[in-house]
Amino acid sequence: MTTPPICNYDGSNYQKSFWERSGREYEDRCEAIALKRLLPRSGKLMLELGAGAGRNTPRYAGFERIVLLDYSRTQLRQAQDRLGCSDRYIYVAADIYHLPFVDGLFDAATMIRALHHMTEPWRALQQVRQVLQPEAAFILEFANKQNLKAILRYLLRLQDWNPFTLDPVEFAELNFDFHPKAVYGWLRDVGFVIEKILNVSHFRVGFLKRVVPTGLLVFVDSLFQWTGALWQLTPSVFIKSHVAPHMSRGLEIPVDPNAFFKCPQCGHKPLIEKRDHRVCPHCRREWRVRDGIYDFREP
Ligand SMILES: [Zn+2]
C-alpha cells in the first residue's frame with residue numbers, strides 16, 4: 001500500500017510558535033466565527049482531522065465525544081495537556097490516507113488547516129467520506145491559491161505561478177494552496193454535497209493587523225465571510241458539506257471506543273484488545289496504545 005509524503009509536526013512546538021507568539025489572534029478569532037456558523041449545534045461523535053494541539057477542539061462543545069486525529073504524537077500530547085484525559089476525548093495518531101476507523105462511524109467531521117499539507121487531497125477526502133454517516137456534516141478549510149494578494153502579485157509579475165489555474169501550488173515543501181473549483185470538484189467526486197461557503201481572513205496583511213484594532217478587523221471579516229456564496233478571493237475558505245445519503249451506510253455509534261477501529265492496513269475489524277496494543281486477527285499487525293494515544297502510524 002503506498003502512502004504519499006506526510007507533513008509531520010512531531011517534536012514541533014507549532015501551537016506556541018505559530019498561534020500564540022506570532023500575532024495570529026486575528027486569524028484564530030475569524031476561524032472561530034466561521035466554525036460557529038457552520039457547525040451543527042449538537043451531535044454524538046465528531047472526528048477532528050489534523051487536530052494538532054486541540055486549538056479548535058473546545059469549539060465543538062455541542063458534541064458528546066470527539067476523536068482528535070493527528071499524525072504527530074507530540075501535538076496530541078499537547079492536546080491532552082490542554083483538554084485532559086476523559087471519556088469525551090479520544091486521541092488517535094494516524095495517517096489520513098489510511099484512516100483506522102470502521103465505515104459510517106462519525107456524524108460530523110472537521111478538517112481545518114490540514115488539507116494544505118496533502119499531495120493527494122482527493123484521496124484523503126475519499127477516506128473521510130467513508131468513515132462518515134449518511135448526511136453527516138463535514139467542515140473543510142483550505143488555503144486558496146486564487147486570493148487577492150496572489151492575483152495582484154501575478155498581475156504585477158512578482159509571482160510566476162498563475163492563481164487562476166486548477167492545479168495546486170506548492171509554495172513551501174508540503175504546503176499547498178488549492179484552487180476553489182478543484183476542491184469543490186474533489187468533494188463532489190467522492191460523494192459530498194456542498195451547502196455553504198465562507199470567505200475567511202480577508203485582512204491577513206501584517207500592516208493592517210498592526211495598525212487596526214483586532215476586534216474591528218474580526219468584525220468586518222465576519223460580515224464579509226458571507227460573500228463566500230458569490231466569490232472566493234480570501235487566503236482561507238471554509239466549506240460546509242454533507243455526505244450524500246446514498247454514498248454511505250450508517251452505523252449505531254458504539255459506546256466502547258475500541259469498537260471504532262479497523263486495521264488501517266488490511267481493513268479488518270474488530271481488532272483484538274490487549275493491554276497496551278491492539279492486534280489485527282487477519283494480518284497479525286499490532287498497533288500500540290500508549291499514554292492514552294491510539295497509535296496507528298506503524299505496526
Ligand atoms: Zn490487518
# chains A, B, ... in the order shown; residues from 1 in each chain; ligands from 1
>>> residues_near_ligand(ligand="ligand 1", cutoff="6 Å", atoms="only C-alpha atoms and all ligand atoms", output="PyMOL selection string")
chain A and resi 263+265-268+280+282-283+285
>>> select_by_dssp(residues="stretch 156-260 of chain A", states="strand (DSSP E)", output="VMD selection string")
chain A and resid 169 to 172 175 to 177 192 to 200 236 to 243
>>> atom_distance(atom1="atom CA of A:Tyr89", atom2="atom CA of A:Glu120")
28.2 Å
>>> residues_around(residues="A:Phe142", least_positions_apart="6", cutoff="9 Å", atoms="only C-alpha atoms", output="mmCIF file with all heavy atoms, in the first residue's frame")
data_model
loop_
_atom_site.group_PDB
_atom_site.id
_atom_site.type_symbol
_atom_site.label_atom_id
_atom_site.label_comp_id
_atom_site.auth_asym_id
_atom_site.auth_seq_id
_atom_site.Cartn_x
_atom_site.Cartn_y
_atom_site.Cartn_z
ATOM 1 N N MET A 111 -11.925 19.480 9.133
ATOM 2 C CA MET A 111 -10.518 19.449 8.731
ATOM 3 C C MET A 111 -10.113 20.898 8.464
ATOM 4 O O MET A 111 -10.438 21.480 7.436
ATOM 5 C CB MET A 111 -10.341 18.601 7.472
ATOM 6 C CG MET A 111 -8.889 18.217 7.226
ATOM 7 S SD MET A 111 -8.602 17.669 5.540
ATOM 8 C CE MET A 111 -9.332 16.070 5.562
ATOM 9 N N ILE A 112 -9.444 21.496 9.461
ATOM 10 C CA ILE A 112 -9.091 22.908 9.392
ATOM 11 C C ILE A 112 -7.575 23.027 9.270
ATOM 12 O O ILE A 112 -6.850 22.491 10.106
ATOM 13 C CB ILE A 112 -9.550 23.657 10.677
ATOM 14 C CG1 ILE A 112 -10.981 23.284 11.073
ATOM 15 C CG2 ILE A 112 -9.370 25.172 10.524
ATOM 16 C CD1 ILE A 112 -12.055 23.685 10.115
ATOM 17 N N ARG A 113 -7.103 23.718 8.273
ATOM 18 C CA ARG A 113 -5.664 23.925 8.071
ATOM 19 C C ARG A 113 -4.889 22.620 7.995
ATOM 20 O O ARG A 113 -3.787 22.509 8.521
ATOM 21 C CB ARG A 113 -5.084 24.794 9.197
ATOM 22 C CG ARG A 113 -5.547 26.235 9.105
ATOM 23 C CD ARG A 113 -4.982 27.039 10.247
ATOM 24 N NE ARG A 113 -5.401 28.421 10.162
ATOM 25 C CZ ARG A 113 -4.609 29.407 9.746
ATOM 26 N NH1 ARG A 113 -3.378 29.178 9.355
ATOM 27 N NH2 ARG A 113 -5.067 30.634 9.708
ATOM 28 N N ALA A 114 -5.474 21.634 7.382
ATOM 29 C CA ALA A 114 -4.775 20.350 7.245
ATOM 30 C C ALA A 114 -4.656 19.956 5.775
ATOM 31 O O ALA A 114 -3.631 19.434 5.348
ATOM 32 C CB ALA A 114 -5.517 19.268 8.020
ATOM 33 N N LEU A 115 -5.693 20.252 4.983
ATOM 34 C CA LEU A 115 -5.674 19.848 3.574
ATOM 35 C C LEU A 115 -4.451 20.413 2.857
ATOM 36 O O LEU A 115 -3.917 19.798 1.939
ATOM 37 C CB LEU A 115 -6.954 20.328 2.876
ATOM 38 C CG LEU A 115 -7.229 19.694 1.509
ATOM 39 C CD1 LEU A 115 -7.739 18.270 1.691
ATOM 40 C CD2 LEU A 115 -8.234 20.487 0.690
ATOM 41 N N HIS A 116 -3.994 21.585 3.295
ATOM 42 C CA HIS A 116 -2.895 22.240 2.569
ATOM 43 C C HIS A 116 -1.540 21.542 2.747
ATOM 44 O O HIS A 116 -0.550 21.967 2.187
ATOM 45 C CB HIS A 116 -2.834 23.737 2.893
ATOM 46 C CG HIS A 116 -2.252 24.073 4.218
ATOM 47 N ND1 HIS A 116 -1.190 24.931 4.368
ATOM 48 C CD2 HIS A 116 -2.579 23.663 5.449
ATOM 49 C CE1 HIS A 116 -0.893 25.031 5.654
ATOM 50 N NE2 HIS A 116 -1.729 24.280 6.322
ATOM 51 N N ASP A 177 -1.400 25.475 -1.841
ATOM 52 C CA ASP A 177 -2.613 26.268 -1.990
ATOM 53 C C ASP A 177 -3.401 25.649 -3.143
ATOM 54 O O ASP A 177 -2.820 25.241 -4.147
ATOM 55 C CB ASP A 177 -2.262 27.720 -2.349
ATOM 56 C CG ASP A 177 -1.764 28.508 -1.140
ATOM 57 O OD1 ASP A 177 -1.783 27.955 -0.024
ATOM 58 O OD2 ASP A 177 -1.364 29.666 -1.318
ATOM 59 N N PHE A 178 -4.730 25.625 -2.975
ATOM 60 C CA PHE A 178 -5.566 24.992 -3.994
ATOM 61 C C PHE A 178 -6.526 25.994 -4.617
ATOM 62 O O PHE A 178 -6.901 26.989 -3.988
ATOM 63 C CB PHE A 178 -6.387 23.858 -3.369
ATOM 64 C CG PHE A 178 -5.556 22.772 -2.750
ATOM 65 C CD1 PHE A 178 -5.547 22.575 -1.376
ATOM 66 C CD2 PHE A 178 -4.769 21.952 -3.542
ATOM 67 C CE1 PHE A 178 -4.774 21.570 -0.802
ATOM 68 C CE2 PHE A 178 -3.989 20.948 -2.977
ATOM 69 C CZ PHE A 178 -3.994 20.764 -1.606
ATOM 70 N N PRO A 180 -10.255 26.985 -5.591
ATOM 71 C CA PRO A 180 -11.560 26.585 -5.050
ATOM 72 C C PRO A 180 -12.281 25.561 -5.927
ATOM 73 O O PRO A 180 -12.825 24.569 -5.423
ATOM 74 C CB PRO A 180 -12.344 27.897 -4.987
ATOM 75 C CG PRO A 180 -11.308 28.966 -4.899
ATOM 76 C CD PRO A 180 -10.101 28.454 -5.628
ATOM 77 N N VAL A 183 -11.095 22.060 -5.366
ATOM 78 C CA VAL A 183 -11.550 21.474 -4.099
ATOM 79 C C VAL A 183 -13.030 21.073 -4.195
ATOM 80 O O VAL A 183 -13.414 19.965 -3.782
ATOM 81 C CB VAL A 183 -11.329 22.464 -2.931
ATOM 82 C CG1 VAL A 183 -11.820 21.862 -1.616
ATOM 83 C CG2 VAL A 183 -9.857 22.842 -2.819
ATOM 84 N N PRO A 235 -7.442 34.206 1.487
ATOM 85 C CA PRO A 235 -6.445 33.129 1.587
ATOM 86 C C PRO A 235 -7.002 31.866 2.233
ATOM 87 O O PRO A 235 -6.431 30.785 2.075
ATOM 88 C CB PRO A 235 -5.348 33.745 2.454
ATOM 89 C CG PRO A 235 -5.974 34.901 3.149
ATOM 90 C CD PRO A 235 -7.066 35.394 2.249
ATOM 91 N N SER A 236 -8.099 32.001 2.973
ATOM 92 C CA SER A 236 -8.672 30.844 3.659
ATOM 93 C C SER A 236 -10.159 30.744 3.312
ATOM 94 O O SER A 236 -10.874 31.751 3.332
ATOM 95 C CB SER A 236 -8.488 31.033 5.165
ATOM 96 O OG SER A 236 -9.162 30.049 5.888
ATOM 97 N N VAL A 237 -10.617 29.543 2.982
ATOM 98 C CA VAL A 237 -12.022 29.338 2.628
ATOM 99 C C VAL A 237 -12.565 28.156 3.434
ATOM 100 O O VAL A 237 -11.888 27.139 3.580
ATOM 101 C CB VAL A 237 -12.179 29.074 1.114
ATOM 102 C CG1 VAL A 237 -13.625 28.735 0.760
ATOM 103 C CG2 VAL A 237 -11.704 30.275 0.298
ATOM 104 N N PHE A 238 -13.753 28.340 4.003
ATOM 105 C CA PHE A 238 -14.421 27.267 4.751
ATOM 106 C C PHE A 238 -15.607 26.752 3.932
ATOM 107 O O PHE A 238 -16.383 27.555 3.419
ATOM 108 C CB PHE A 238 -14.961 27.791 6.091
ATOM 109 C CG PHE A 238 -13.941 27.843 7.193
ATOM 110 C CD1 PHE A 238 -12.823 28.669 7.102
ATOM 111 C CD2 PHE A 238 -14.096 27.071 8.348
ATOM 112 C CE1 PHE A 238 -11.888 28.727 8.130
ATOM 113 C CE2 PHE A 238 -13.163 27.126 9.380
ATOM 114 C CZ PHE A 238 -12.059 27.944 9.274
ATOM 115 N N ILE A 239 -15.738 25.432 3.880
ATOM 116 C CA ILE A 239 -16.859 24.827 3.153
ATOM 117 C C ILE A 239 -17.618 23.914 4.099
ATOM 118 O O ILE A 239 -17.013 23.090 4.788
ATOM 119 C CB ILE A 239 -16.369 23.926 2.001
ATOM 120 C CG1 ILE A 239 -15.398 24.678 1.104
ATOM 121 C CG2 ILE A 239 -17.547 23.380 1.199
ATOM 122 C CD1 ILE A 239 -14.718 23.748 0.105
#
>>> atom_distance(atom1="atom CA of A:Gly23", atom2="atom CA of A:Ser201")
13.3 Å
>>> residues_around(residues="A:Leu38", least_positions_apart="4", cutoff="10 Å", atoms="only C-alpha atoms", output="MDAnalysis selection string")
chainID A and resid 33:34 137:139 195:198 238:241
>>> write_last_selection(atoms="all heavy atoms", output="short mmCIF file (atom, residue, chain, number, x, y, z; two decimals), in the first residue's frame")
data_model
loop_
_atom_site.label_atom_id
_atom_site.label_comp_id
_atom_site.auth_asym_id
_atom_site.auth_seq_id
_atom_site.Cartn_x
_atom_site.Cartn_y
_atom_site.Cartn_z
N ILE A 33 -15.45 32.25 14.39
CA ILE A 33 -16.76 32.73 13.92
C ILE A 33 -17.26 31.85 12.77
O ILE A 33 -18.42 31.42 12.75
CB ILE A 33 -16.65 34.20 13.48
CG1 ILE A 33 -16.41 35.08 14.70
CG2 ILE A 33 -17.92 34.64 12.73
CD1 ILE A 33 -16.04 36.52 14.38
N ALA A 34 -16.36 31.54 11.83
CA ALA A 34 -16.77 30.70 10.69
C ALA A 34 -17.23 29.32 11.19
O ALA A 34 -18.27 28.80 10.75
CB ALA A 34 -15.61 30.55 9.72
N ALA A 137 -22.26 16.01 8.60
CA ALA A 137 -21.69 17.29 8.19
C ALA A 137 -20.17 17.19 8.13
O ALA A 137 -19.55 16.54 8.98
CB ALA A 137 -22.09 18.36 9.19
N PHE A 138 -19.60 17.84 7.13
CA PHE A 138 -18.14 17.89 7.03
C PHE A 138 -17.74 19.33 6.78
O PHE A 138 -18.17 19.95 5.81
CB PHE A 138 -17.66 16.98 5.89
CG PHE A 138 -16.17 17.05 5.64
CD1 PHE A 138 -15.27 17.05 6.69
CD2 PHE A 138 -15.68 17.11 4.34
CE1 PHE A 138 -13.89 17.11 6.45
CE2 PHE A 138 -14.32 17.17 4.08
CZ PHE A 138 -13.42 17.17 5.15
N ILE A 139 -16.92 19.88 7.68
CA ILE A 139 -16.46 21.26 7.53
C ILE A 139 -14.98 21.24 7.16
O ILE A 139 -14.15 20.72 7.91
CB ILE A 139 -16.72 22.05 8.81
CG1 ILE A 139 -18.25 22.13 8.99
CG2 ILE A 139 -16.14 23.46 8.71
CD1 ILE A 139 -18.68 22.52 10.33
N GLU A 195 -22.92 22.73 0.85
CA GLU A 195 -24.06 23.52 1.34
C GLU A 195 -23.76 25.00 1.43
O GLU A 195 -24.59 25.84 1.13
CB GLU A 195 -24.42 23.08 2.77
CG GLU A 195 -25.16 21.78 2.86
CD GLU A 195 -25.34 21.41 4.34
OE1 GLU A 195 -25.80 22.25 5.14
OE2 GLU A 195 -25.00 20.27 4.67
N LYS A 196 -22.58 25.32 1.94
CA LYS A 196 -22.30 26.72 2.26
C LYS A 196 -20.80 26.98 2.16
O LYS A 196 -20.00 26.11 2.51
CB LYS A 196 -22.76 26.99 3.69
CG LYS A 196 -23.09 28.43 3.97
CD LYS A 196 -23.58 28.61 5.39
CE LYS A 196 -25.09 28.37 5.55
NZ LYS A 196 -25.54 28.51 6.93
N ILE A 197 -20.44 28.18 1.70
CA ILE A 197 -19.02 28.53 1.59
C ILE A 197 -18.81 29.89 2.27
O ILE A 197 -19.58 30.83 2.04
CB ILE A 197 -18.61 28.62 0.10
CG1 ILE A 197 -18.81 27.26 -0.58
CG2 ILE A 197 -17.16 29.07 -0.04
CD1 ILE A 197 -18.75 27.28 -2.08
N LEU A 198 -17.79 29.98 3.11
CA LEU A 198 -17.47 31.25 3.78
C LEU A 198 -16.04 31.67 3.43
O LEU A 198 -15.13 30.84 3.42
CB LEU A 198 -17.58 31.12 5.30
CG LEU A 198 -18.95 30.79 5.90
CD1 LEU A 198 -18.85 30.70 7.43
CD2 LEU A 198 -20.01 31.82 5.51
N PHE A 238 -13.75 28.34 4.00
CA PHE A 238 -14.42 27.27 4.75
C PHE A 238 -15.61 26.75 3.93
O PHE A 238 -16.38 27.56 3.42
CB PHE A 238 -14.96 27.79 6.09
CG PHE A 238 -13.94 27.84 7.19
CD1 PHE A 238 -12.82 28.67 7.10
CD2 PHE A 238 -14.10 27.07 8.35
CE1 PHE A 238 -11.89 28.73 8.13
CE2 PHE A 238 -13.16 27.13 9.38
CZ PHE A 238 -12.06 27.94 9.27
N ILE A 239 -15.74 25.43 3.88
CA ILE A 239 -16.86 24.83 3.15
C ILE A 239 -17.62 23.91 4.10
O ILE A 239 -17.01 23.09 4.79
CB ILE A 239 -16.37 23.93 2.00
CG1 ILE A 239 -15.40 24.68 1.10
CG2 ILE A 239 -17.55 23.38 1.20
CD1 ILE A 239 -14.72 23.75 0.11
N LYS A 240 -18.93 24.07 4.12
CA LYS A 240 -19.74 23.07 4.81
C LYS A 240 -20.39 22.17 3.77
O LYS A 240 -21.04 22.65 2.84
CB LYS A 240 -20.83 23.73 5.66
CG LYS A 240 -21.66 22.67 6.37
CD LYS A 240 -22.74 23.25 7.23
CE LYS A 240 -23.39 22.11 8.02
NZ LYS A 240 -24.50 22.60 8.84
N SER A 241 -20.21 20.88 3.93
CA SER A 241 -20.86 19.94 3.03
C SER A 241 -21.44 18.80 3.85
O SER A 241 -21.22 18.73 5.06
CB SER A 241 -19.85 19.40 2.01
OG SER A 241 -18.79 18.75 2.68
#
>>> select_by_dssp(residues="stretch 173-214 of chain A", states="helix (DSSP H, G or I)", output="list in words")
Pro180, Lys181, Ala182, Val183, Tyr184, Gly185, Trp186, Leu187, Arg188, Asp189, Val190, Gly206, Phe207, Leu208, Lys209, Arg210, Val211 and Thr214 of chain A
>>> write_last_selection(atoms="C-alpha atoms", output="PDB file, in the first residue's frame")
ATOM      1  CA  PRO A 180     -11.560  26.585  -5.050  1.00  0.00           C
ATOM      2  CA  LYS A 181     -13.003  24.840  -8.119  1.00  0.00           C
ATOM      3  CA  ALA A 182     -10.535  21.992  -7.741  1.00  0.00           C
ATOM      4  CA  VAL A 183     -11.550  21.474  -4.099  1.00  0.00           C
ATOM      5  CA  TYR A 184     -15.288  21.612  -4.890  1.00  0.00           C
ATOM      6  CA  GLY A 185     -14.732  19.063  -7.657  1.00  0.00           C
ATOM      7  CA  TRP A 186     -12.899  16.626  -5.340  1.00  0.00           C
ATOM      8  CA  LEU A 187     -15.604  16.944  -2.696  1.00  0.00           C
ATOM      9  CA  ARG A 188     -18.370  16.205  -5.194  1.00  0.00           C
ATOM     10  CA  ASP A 189     -16.448  13.366  -6.813  1.00  0.00           C
ATOM     11  CA  VAL A 190     -16.132  11.473  -3.539  1.00  0.00           C
ATOM     12  CA  GLY A 206       0.834  42.285   8.604  1.00  0.00           C
ATOM     13  CA  PHE A 207       0.490  46.063   8.287  1.00  0.00           C
ATOM     14  CA  LEU A 208      -3.310  46.066   8.795  1.00  0.00           C
ATOM     15  CA  LYS A 209      -3.073  43.687  11.718  1.00  0.00           C
ATOM     16  CA  ARG A 210      -0.609  46.033  13.409  1.00  0.00           C
ATOM     17  CA  VAL A 211      -2.478  49.312  12.968  1.00  0.00           C
ATOM     18  CA  THR A 214      -8.080  43.239  16.059  1.00  0.00           C
TER      19      THR A 214
END
>>> residues_around(residues="stretch 78-83 of chain A", least_positions_apart="2", cutoff="6 Å", atoms="only C-alpha atoms", output="list in words")
Ala53, Gly54, Gln75 and Leu76 of chain A
>>> residues_around(residues="A:Ala108", least_positions_apart="6", cutoff="7 Å", atoms="only C-alpha atoms", output="PyMOL selection string")
chain A and resi 45-47+132+136-138
>>> write_last_selection(atoms="all heavy atoms", output="mmCIF file, in the first residue's frame")
data_model
loop_
_atom_site.group_PDB
_atom_site.id
_atom_site.type_symbol
_atom_site.label_atom_id
_atom_site.label_comp_id
_atom_site.auth_asym_id
_atom_site.auth_seq_id
_atom_site.Cartn_x
_atom_site.Cartn_y
_atom_site.Cartn_z
ATOM 1 N N LEU A 45 -20.699 12.062 17.774
ATOM 2 C CA LEU A 45 -19.282 11.710 17.655
ATOM 3 C C LEU A 45 -18.644 12.487 16.504
ATOM 4 O O LEU A 45 -18.977 12.287 15.333
ATOM 5 C CB LEU A 45 -19.148 10.196 17.407
ATOM 6 C CG LEU A 45 -17.732 9.635 17.399
ATOM 7 C CD1 LEU A 45 -17.049 9.801 18.747
ATOM 8 C CD2 LEU A 45 -17.755 8.144 17.008
ATOM 9 N N MET A 46 -17.726 13.381 16.870
ATOM 10 C CA MET A 46 -17.061 14.245 15.890
ATOM 11 C C MET A 46 -15.645 13.740 15.628
ATOM 12 O O MET A 46 -14.951 13.336 16.554
ATOM 13 C CB MET A 46 -17.033 15.657 16.486
ATOM 14 C CG MET A 46 -15.889 16.550 16.065
ATOM 15 S SD MET A 46 -16.172 17.306 14.480
ATOM 16 C CE MET A 46 -17.387 18.565 14.892
ATOM 17 N N LEU A 47 -15.259 13.764 14.367
ATOM 18 C CA LEU A 47 -13.875 13.445 14.014
ATOM 19 C C LEU A 47 -13.167 14.744 13.639
ATOM 20 O O LEU A 47 -13.553 15.418 12.678
ATOM 21 C CB LEU A 47 -13.846 12.474 12.824
ATOM 22 C CG LEU A 47 -12.457 12.188 12.226
ATOM 23 C CD1 LEU A 47 -11.528 11.547 13.251
ATOM 24 C CD2 LEU A 47 -12.581 11.274 10.998
ATOM 25 N N LEU A 132 -17.779 8.559 7.481
ATOM 26 C CA LEU A 132 -18.918 9.378 7.907
ATOM 27 C C LEU A 132 -20.245 8.688 7.628
ATOM 28 O O LEU A 132 -20.374 7.916 6.671
ATOM 29 C CB LEU A 132 -18.896 10.733 7.188
ATOM 30 C CG LEU A 132 -17.778 11.706 7.583
ATOM 31 C CD1 LEU A 132 -17.859 12.966 6.736
ATOM 32 C CD2 LEU A 132 -17.872 12.049 9.062
ATOM 33 N N ALA A 136 -23.919 13.137 7.244
ATOM 34 C CA ALA A 136 -23.030 13.726 8.256
ATOM 35 C C ALA A 136 -22.434 15.021 7.707
ATOM 36 O O ALA A 136 -22.123 15.121 6.524
ATOM 37 C CB ALA A 136 -21.911 12.745 8.588
ATOM 38 N N ALA A 137 -22.262 16.006 8.595
ATOM 39 C CA ALA A 137 -21.692 17.287 8.188
ATOM 40 C C ALA A 137 -20.170 17.188 8.134
ATOM 41 O O ALA A 137 -19.553 16.537 8.978
ATOM 42 C CB ALA A 137 -22.092 18.364 9.192
ATOM 43 N N PHE A 138 -19.596 17.836 7.135
ATOM 44 C CA PHE A 138 -18.138 17.886 7.032
ATOM 45 C C PHE A 138 -17.738 19.330 6.778
ATOM 46 O O PHE A 138 -18.174 19.948 5.807
ATOM 47 C CB PHE A 138 -17.665 16.983 5.889
ATOM 48 C CG PHE A 138 -16.173 17.054 5.639
ATOM 49 C CD1 PHE A 138 -15.266 17.053 6.687
ATOM 50 C CD2 PHE A 138 -15.683 17.114 4.338
ATOM 51 C CE1 PHE A 138 -13.891 17.113 6.451
ATOM 52 C CE2 PHE A 138 -14.315 17.166 4.085
ATOM 53 C CZ PHE A 138 -13.415 17.170 5.149
#
>>> closest_residue(among="A:Asp167, A:Val131, A:Lys44, A:Lys16", to="A:Ala61", atoms="only C-alpha atoms")
A:Lys44
>>> residues_around(residues="A:Ser72", least_positions_apart="6", cutoff="12 Å", atoms="only C-alpha atoms", output="list of chain:residue names")
A:Ile6, A:Cys7, A:Asn8, A:Tyr9, A:Asp10, A:Gly11, A:Ser12, A:Asn13, A:Tyr14, A:Leu49, A:Gly50, A:Ala51, A:Gly52, A:Ala53, A:Gln78, A:Ala79, A:Tyr91, A:Val92, A:Ala93, A:Ala94, A:Asp95, A:Ile96, A:Ile293, A:Tyr294, A:Asp295, A:Phe296, A:Arg297
>>> write_last_selection(atoms="N, CA and C atoms", output="short mmCIF file (atom, residue, chain, number, x, y, z; two decimals), in the first residue's frame")
data_model
loop_
_atom_site.label_atom_id
_atom_site.label_comp_id
_atom_site.auth_asym_id
_atom_site.auth_seq_id
_atom_site.Cartn_x
_atom_site.Cartn_y
_atom_site.Cartn_z
N ILE A 6 4.01 12.74 4.03
CA ILE A 6 3.16 13.31 5.07
C ILE A 6 3.91 14.41 5.81
N CYS A 7 3.21 15.49 6.07
CA CYS A 7 3.80 16.58 6.83
C CYS A 7 3.67 16.25 8.32
N ASN A 8 4.79 16.08 8.97
CA ASN A 8 4.79 15.60 10.34
C ASN A 8 5.27 16.70 11.29
N TYR A 9 4.41 17.06 12.25
CA TYR A 9 4.76 18.10 13.22
C TYR A 9 5.36 17.50 14.49
N ASP A 10 5.81 16.23 14.44
CA ASP A 10 6.37 15.62 15.63
C ASP A 10 7.56 16.43 16.11
N GLY A 11 7.62 16.61 17.43
CA GLY A 11 8.74 17.35 18.01
C GLY A 11 8.62 18.85 17.83
N SER A 12 7.54 19.32 17.17
CA SER A 12 7.45 20.76 16.93
C SER A 12 6.60 21.44 17.99
N ASN A 13 6.85 22.69 18.15
CA ASN A 13 6.06 23.46 19.09
C ASN A 13 5.15 24.41 18.31
N TYR A 14 4.50 23.84 17.29
CA TYR A 14 3.69 24.61 16.35
C TYR A 14 2.64 25.47 17.05
N LEU A 49 -9.96 16.14 12.15
CA LEU A 49 -8.79 15.68 11.39
C LEU A 49 -7.72 16.77 11.40
N GLY A 50 -6.50 16.39 11.72
CA GLY A 50 -5.45 17.39 11.85
C GLY A 50 -5.70 18.26 13.07
N ALA A 51 -6.05 17.60 14.18
CA ALA A 51 -6.47 18.33 15.38
C ALA A 51 -5.33 19.10 16.01
N GLY A 52 -4.09 18.71 15.75
CA GLY A 52 -2.94 19.41 16.33
C GLY A 52 -3.02 19.39 17.84
N ALA A 53 -2.73 20.54 18.42
CA ALA A 53 -2.72 20.64 19.88
C ALA A 53 -4.11 20.98 20.44
N GLN A 78 0.25 17.54 23.50
CA GLN A 78 -0.07 18.92 23.89
C GLN A 78 -1.59 19.10 24.00
N ALA A 79 -2.32 18.43 23.12
CA ALA A 79 -3.79 18.49 23.20
C ALA A 79 -4.26 17.85 24.51
N TYR A 91 -7.82 10.16 21.56
CA TYR A 91 -6.65 10.66 20.83
C TYR A 91 -6.11 9.57 19.91
N VAL A 92 -5.98 9.89 18.63
CA VAL A 92 -5.55 8.89 17.65
C VAL A 92 -4.44 9.47 16.77
N ALA A 93 -3.30 8.79 16.74
CA ALA A 93 -2.23 9.16 15.81
C ALA A 93 -2.37 8.27 14.59
N ALA A 94 -2.60 8.88 13.43
CA ALA A 94 -2.77 8.07 12.23
C ALA A 94 -2.50 8.90 10.99
N ASP A 95 -2.32 8.18 9.91
CA ASP A 95 -2.09 8.76 8.61
C ASP A 95 -3.46 8.91 7.94
N ILE A 96 -3.74 10.09 7.44
CA ILE A 96 -5.09 10.37 6.92
C ILE A 96 -5.41 9.55 5.67
N ILE A 293 -2.91 7.42 23.85
CA ILE A 293 -2.97 7.69 22.41
C ILE A 293 -2.99 6.36 21.64
N TYR A 294 -4.00 6.18 20.83
CA TYR A 294 -4.04 5.03 19.93
C TYR A 294 -3.12 5.37 18.75
N ASP A 295 -2.10 4.55 18.55
CA ASP A 295 -1.12 4.89 17.51
C ASP A 295 -1.21 3.91 16.34
N PHE A 296 -1.74 4.41 15.23
CA PHE A 296 -1.92 3.58 14.03
C PHE A 296 -0.96 3.98 12.92
N ARG A 297 0.14 4.62 13.27
CA ARG A 297 1.06 5.08 12.22
C ARG A 297 1.85 3.93 11.63
#
>>> closest_residue(among="A:Ser42, A:Thr234, A:Asn175, A:Asn162", to="A:Thr119", atoms="only C-alpha atoms")
A:Asn175
>>> closest_residue(among="A:Pro163, A:Glu64, A:Leu217, A:His242", to="A:Val205", atoms="only C-alpha atoms")
A:Leu217
>>> atom_distance(atom1="atom CA of A:Leu148", atom2="atom CA of A:Leu223")
17.6 Å
>>> closest_residue(among="A:Pro245, A:Pro281, A:Gly215, A:Pro4", to="A:Arg29", atoms="only C-alpha atoms")
A:Gly215
>>> closest_residue(among="A:His202, A:Lys149, A:Arg129, A:Lys36", to="A:Val243", atoms="only C-alpha atoms")
A:Arg129
>>> closest_residue(among="A:Glu25, A:Glu48, A:Gly43, A:Leu105", to="A:Phe260", atoms="only C-alpha atoms")
A:Leu105
